[in-house]
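Participant: Below: one structure in structure tokens.
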Amino acid sequence: MLLDGSIALAADDLTVELGGLPVLRGVSLSMRSGEAVALLGGNGSGKSTLVRTVLGLLPHQRGTVRLFGQPLSSFREWARVGYVPQRSMALLGGSKVKEVVAAGRLARRRLFRPLNPSDRAAIRGAITQVGLSEQLNADIATLSGGQQQRVLVARALATQPELLVLDEPTSGVDLEHQRTLTELVSELMSGGTSVLVVLHDVGPLGDLIDRAVVLSDGRVAHDGPLGDLGQHSRRFGGHEHLDHGRNAADDHGENADSWLGGAVEP
Amino acid sequence: MIEILSYPFMQRALIAALLTGLIAPAIGTYVVQRRLSLLGDGLGHVALAGVGLALLTGAAPIPVAVAACVAGAVVVEVLRQRGKATGDVGLAILFYGGLAAGVFLSGISGVGAGGLAQYLFGSLTTVTRDDLLLVGLLAIVILVITLGLAPQLYAVATDEEFARTQGLRVRLYHIAVVSLAAVTVALAMRTVGLLLVSALMVVPVAAARNVVRGFTAALGCAIAIGVTTAVGGAVGSFYIDAAPGAFIVLLAIAVFLLSWPLSYLLRRRRAAAVLPELIDDDELVAPHTITESHPHQHAPGCGHPGVQHGDHTDFIHEGHRHAAHADHYDEH
């Protein structure tokens, strides 16, 4: 599996300046299909900028990005990519939950065509997966912060992506919601989905991570197993870690936390 | 109603009002969602420049106004996308540039600024057959796009970045929305007038959002309100001999004002539908109130008179009725 050579994401030597200030300085990141990578680092280290750049939401001054082997500029298979942003204007209200989630099918829909049965099934399925079937027709503004976050996750799931990119999905969300999200991501990964997740604190999601990339001041400060971030280096490679689950992972999560707290936060 | 339909000019007026009522809220829904509620106003001023140009060259005003309006809208949108001007600065440039050009051009054409009045305030009864044909054709285009591409336009208006990660060509959609808004404004100059058309793009949408839930429902409801007020205003103004444009907009605002108490009532009804499940029936009948600290043990002959109450005895204690319940006494 690890050697099958299919690369979901390859960013090479990315340099991004925002308002004339360098935010990324020669960052390289590659992900194999099926891999789960956490992007860690303090505020302002460039985590969100990196994911937004690889999705084509921000222009880069130098370097290359490839999604599933194709250069970003000519990449058209957006149905293979799901994105959960940190914030969304869609949460401001005036939309039903199912309307927001339905936007996740646009990459698969043709113009001037109504939703087909597989679109409807994917939308309902995604809403059920995040546990919001009761709120299908609720106005999004009436939901709690954690529920709104789940709506954004459901919207990305509705795309049925091969690569799921989540930008701080756990910030401002209580531990219970974080655990729900972890179970969800774990399910997706067992179905072969690659996951790139920006995390401020490792939290329960850390249990699923194959590899941690730590950014510091726009550069890659660490790229390797999450466990290596702590004092006690732990061996867990590839998907083996997924199988023996979460209890083994709790302590290395804390290690990574303390490492990050000490060394990366300015 | 029959009387009204016997006049050909009123037939044309009613059809023009109906079409304006259809298209203004249809495109207005996306404009409001993008928080560009004043876009229509700015475009109205640009349309005036087109009218001035038409007066100068002797061309038909509506097609020239449509062209000028679309060109102005695209320029402002491109400037905004390139980061050269923020939304409100762009709109301000539209306002002043368009108004000044319109007055200037109509002045040198010899008509004078007074000749612009019928476009500023609408002149529903002077709609010609050719006007109607053009309005009808463009209205079909606008409706096909605003309804047919509703999922795409909705996504672009509510979450531009996510729409981009779905492969949507966001800039193109933005340009489409402002261009269609520009066409709508220019077409509406005969019905409600350039100064008031923006109201018909915004007010029905605001009213619809008060009474229905969800984007699609609001789009449909806004169109219904737009059609009703536009046709109602046109008919009403015929009978009371009022300016149709102003009457249509006042009607729309009246609907908006009514939508506030209506939304309150709807919310209460929805809440009431939920309430009975939340309340325990027993507690509705007899709230469980525990007496304050009560060291005394009631018993027959304890000094407090006993009263039979259903299946148990209440003891009268300083004007209250106490009933034994587990380790405490309840107020009955």
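Here, A, B, ... name the chains of the structure tokens in the order displayed, residue numbers run from 1 inside each chain, and ligands are numbered from 1 in the same displayed order.
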Counting only C-alpha atoms, which residues of chain A sit at most 8 Å from some atom of chain B, and what is each one's closest atom pair with its distance in Å to one decimal, listed by chain and rising residue number, as CSV?
Facilitator:
residue,atom,partner,partner_atom,distance
A:Leu55,CA,B:Thr165,CA,6.7
A:Gly56,CA,B:Thr165,CA,7.8
A:Leu57,CA,B:Glu161,CA,6.6
A:Arg76,CA,B:Gly167,CA,6.6
A:Glu77,CA,B:Gly167,CA,7.7
A:Trp78,CA,B:Gln166,CA,5.4
A:Ala79,CA,B:Gln166,CA,6.8
A:Val81,CA,B:Thr165,CA,7.5
A:Gly82,CA,B:Thr165,CA,7.6
A:Tyr83,CA,B:Thr165,CA,7.0
A:Pro85,CA,B:Phe162,CA,7.7
A:Ser88,CA,B:Asp159,CA,6.2
A:Met89,CA,B:Asp159,CA,5.5
A:Ala90,CA,B:Thr158,CA,5.0
A:Gly94,CA,B:Gly214,CA,5.4
A:Ser95,CA,B:Gly214,CA,4.3
A:Lys96,CA,B:Gly214,CA,4.7
A:Glu99,CA,B:Phe215,CA,7.5
A:Ala103,CA,B:Ala155,CA,6.0
A:Gly104,CA,B:Gln166,CA,7.2
A:Arg105,CA,B:Gln166,CA,7.9
A:Leu106,CA,B:Gln166,CA,6.0
A:Ala107,CA,B:Gln166,CA,4.6
A:Leu111,CA,B:Leu149,CA,6.6
A:Phe112,CA,B:Gly148,CA,4.9
A:Arg113,CA,B:Gly148,CA,7.6
A:Asn137,CA,B:Gly214,CA,7.8
A:Ala138,CA,B:Arg213,CA,7.9
A:Asp139,CA,B:Gly214,CA,6.5
Participant: Step one, run DSSP on the backbone; step two, keep only residues of segment 69-190 of chain A assigned to helix (DSSP H, G or I); then write them as a PyMOL selection string.
Facilitator: chain A and resi 72-74+78-80+89-92+97-108+117-129+133-135+140-142+145-158+175-190
Participant: Provide the atom CA of Leu157 of chain A to atom CA of Gly227 of chain A distance in Å, to one decimal place.
Facilitator: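 Computed distance, atom CA of Leu157 of chain A to atom CA of Gly227 of chain A, equals 28.5 Å.
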Participant: Write out as JSON lines the residues of segment 177-225 of chain B that have any atom within 9 Å of an atom of segment 62-86 of chain B, one row each with the nearest atom pair and its distance in Å to one decimal, counting only C-alpha atoms, sorted by chain and then rising number.
Facilitator:
{"residue": "B:Val178", "atom": "CA", "partner": "B:Ala73", "partner_atom": "CA", "distance": 5.8}
{"residue": "B:Ser179", "atom": "CA", "partner": "B:Val70", "partner_atom": "CA", "distance": 5.0}
{"residue": "B:Leu180", "atom": "CA", "partner": "B:Val70", "partner_atom": "CA", "distance": 7.7}
{"residue": "B:Ala181", "atom": "CA", "partner": "B:Val70", "partner_atom": "CA", "distance": 8.3}
{"residue": "B:Ala182", "atom": "CA", "partner": "B:Val70", "partner_atom": "CA", "distance": 5.2}
{"residue": "B:Val183", "atom": "CA", "partner": "B:Val66", "partner_atom": "CA", "distance": 5.3}
{"residue": "B:Thr184", "atom": "CA", "partner": "B:Val66", "partner_atom": "CA", "distance": 8.3}
{"residue": "B:Val185", "atom": "CA", "partner": "B:Cys69", "partner_atom": "CA", "distance": 7.9}
{"residue": "B:Ala186", "atom": "CA", "partner": "B:Val66", "partner_atom": "CA", "distance": 5.1}
{"residue": "B:Leu187", "atom": "CA", "partner": "B:Ile62", "partner_atom": "CA", "distance": 6.6}
{"residue": "B:Met189", "atom": "CA", "partner": "B:Ile62", "partner_atom": "CA", "distance": 8.1}
{"residue": "B:Arg190", "atom": "CA", "partner": "B:Ile62", "partner_atom": "CA", "distance": 8.6}
